[in-house]
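Here's the structure we're looking at; comments come further down.
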Amino acid sequence: MRYGSFRLGGSWGESAYYTLPDEVRSLRGFPFASAYGDGFFLGSLEYRLPIWRVDRGGSTIPFFARYLSAAAFMDIGNAFDSFEEIGAAAQRSLIGVGAEVKGTAIMGWGVPLQGRLGYAFAVHGSGGYSFGSPYGAYLRLGSSF
């Protein structure tokens, strides 16, 4: 199977704990490599809501909690192999929506830590997770997108 230069799908982020190849792009609500090709378009609309600004640690324990927030999002994208296919790829756009809760902290004496717990599902496009599917849930340590 030929994947092309780029692969879209999954709820990936990057951090000091892991890195992803440059050709992998996140498209929440869809499994890894749901769309692939030599070119791609991808966008995200996100509303973030602060829940709690903790800004404190526990005595001398080397852990400092920063804040907790929530987000609602919509990701849209697709991949194509040539510029002639852009119009058809736009009509077959993959659209995923969902929500997540994110917390940030400082571990030790300066190591940033960010955790995300979320759920995403597909509203347009084939191969995505349907609403209620357990595969749409994710838990990540790292940064947002």
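Ordered as shown in the structure tokens, chains take letters A, B, and onward, while each chain numbers its residues from 1 and ligands are numbered from 1 in the order shown.
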
All helix (DSSP H, G or I) residues (DSSP, backbone) inside range 20-100 of chain A, as a ChimeraX atom specification
/A:83-91

DSSP says strand (DSSP E or B) for which residues of chain A? Put them as number ranges by chain?
A: 6-8, 10, 24-25, 27, 35-37, 39-57, 63-80, 94-107, 111-124, 137-141

Got time to write the residues from that selection, C-alpha atoms, as a compact mmCIF listing (two decimals), in the first residue's frame?
```txt
# COMPACT_ATOMS: atom_id res chain seq x y z
CA PHE A 6 1.51 12.69 4.36
CA ARG A 7 -0.90 10.76 6.60
CA LEU A 8 -3.89 12.32 8.40
CA GLY A 10 -5.51 10.20 15.06
CA VAL A 24 1.97 12.48 10.34
CA ARG A 25 -0.80 15.02 11.03
CA LEU A 27 -7.21 14.64 12.53
CA ALA A 35 -6.32 10.01 4.42
CA TYR A 36 -2.92 9.95 2.74
CA GLY A 37 -1.23 11.52 -0.26
CA GLY A 39 -0.38 16.97 -0.42
CA PHE A 40 -2.96 17.80 2.23
CA PHE A 41 -5.12 20.53 3.74
CA LEU A 42 -5.97 20.58 7.41
CA GLY A 43 -7.66 23.05 9.74
CA SER A 44 -8.93 23.13 13.29
CA LEU A 45 -11.47 25.32 15.02
CA GLU A 46 -11.30 25.17 18.80
CA TYR A 47 -12.99 26.93 21.70
CA ARG A 48 -11.08 26.75 24.98
CA LEU A 49 -12.69 27.38 28.34
CA PRO A 50 -10.65 27.81 31.54
CA ILE A 51 -12.01 25.71 34.42
CA TRP A 52 -9.56 26.21 37.27
CA ARG A 53 -6.26 28.06 37.64
CA VAL A 54 -4.61 26.05 40.42
CA ASP A 55 -1.12 27.66 40.50
CA ARG A 56 0.14 25.80 43.54
CA GLY A 57 2.16 22.84 44.64
CA PHE A 63 4.92 18.90 41.65
CA PHE A 64 3.28 22.21 40.76
CA ALA A 65 -0.24 22.15 39.25
CA ARG A 66 -0.88 25.04 36.87
CA TYR A 67 -4.38 24.94 35.36
CA LEU A 68 -7.28 22.84 34.11
CA SER A 69 -9.25 23.75 30.98
CA ALA A 70 -11.82 22.29 28.58
CA ALA A 71 -12.11 22.57 24.82
CA ALA A 72 -14.66 21.85 22.10
CA PHE A 73 -13.19 21.40 18.61
CA MET A 74 -13.77 20.63 14.96
CA ASP A 75 -11.00 19.30 12.68
CA ILE A 76 -11.33 19.26 8.89
CA GLY A 77 -8.90 17.94 6.31
CA ASN A 78 -8.06 15.56 3.52
CA ALA A 79 -5.09 14.45 1.44
CA PHE A 80 -4.52 14.25 -2.31
CA LEU A 94 -13.04 14.46 6.64
CA ILE A 95 -14.65 16.33 9.55
CA GLY A 96 -14.28 15.29 13.17
CA VAL A 97 -15.71 16.98 16.27
CA GLY A 98 -15.25 16.43 19.98
CA ALA A 99 -14.27 17.76 23.37
CA GLU A 100 -11.35 17.39 25.73
CA VAL A 101 -10.14 18.33 29.21
CA LYS A 102 -6.53 19.45 29.54
CA GLY A 103 -4.36 19.90 32.61
CA THR A 104 -0.84 21.29 32.92
CA ALA A 105 1.74 20.92 35.66
CA ILE A 106 5.44 21.22 36.41
CA MET A 107 7.15 18.02 37.60
CA VAL A 111 9.82 19.61 33.55
CA PRO A 112 6.51 20.68 31.96
CA LEU A 113 3.75 18.08 31.86
CA GLN A 114 0.48 18.33 29.97
CA GLY A 115 -2.28 15.74 29.91
CA ARG A 116 -5.33 15.60 27.63
CA LEU A 117 -8.39 13.40 28.01
CA GLY A 118 -10.86 13.65 25.17
CA TYR A 119 -13.38 12.13 22.84
CA ALA A 120 -13.79 12.71 19.10
CA PHE A 121 -16.02 11.29 16.39
CA ALA A 122 -16.54 11.76 12.66
CA VAL A 123 -19.44 13.81 11.31
CA HIS A 124 -18.42 13.68 7.63
CA ALA A 137 -11.62 8.26 23.40
CA TYR A 138 -8.00 9.25 23.94
CA LEU A 139 -5.58 10.06 26.75
CA ARG A 140 -2.29 11.77 25.89
CA LEU A 141 0.67 13.14 27.75
```

Would you compute the distance between CA of Gly127 in chain A and CA of Pro31 in chain A? Give it in Å to one decimal.
7.6 Å

Which residue of A:Ser126, A:Ser59, A:Gln91, A:Ser82 approaches Phe30 in chain A most closely, using only C-alpha atoms:
A:Ser126
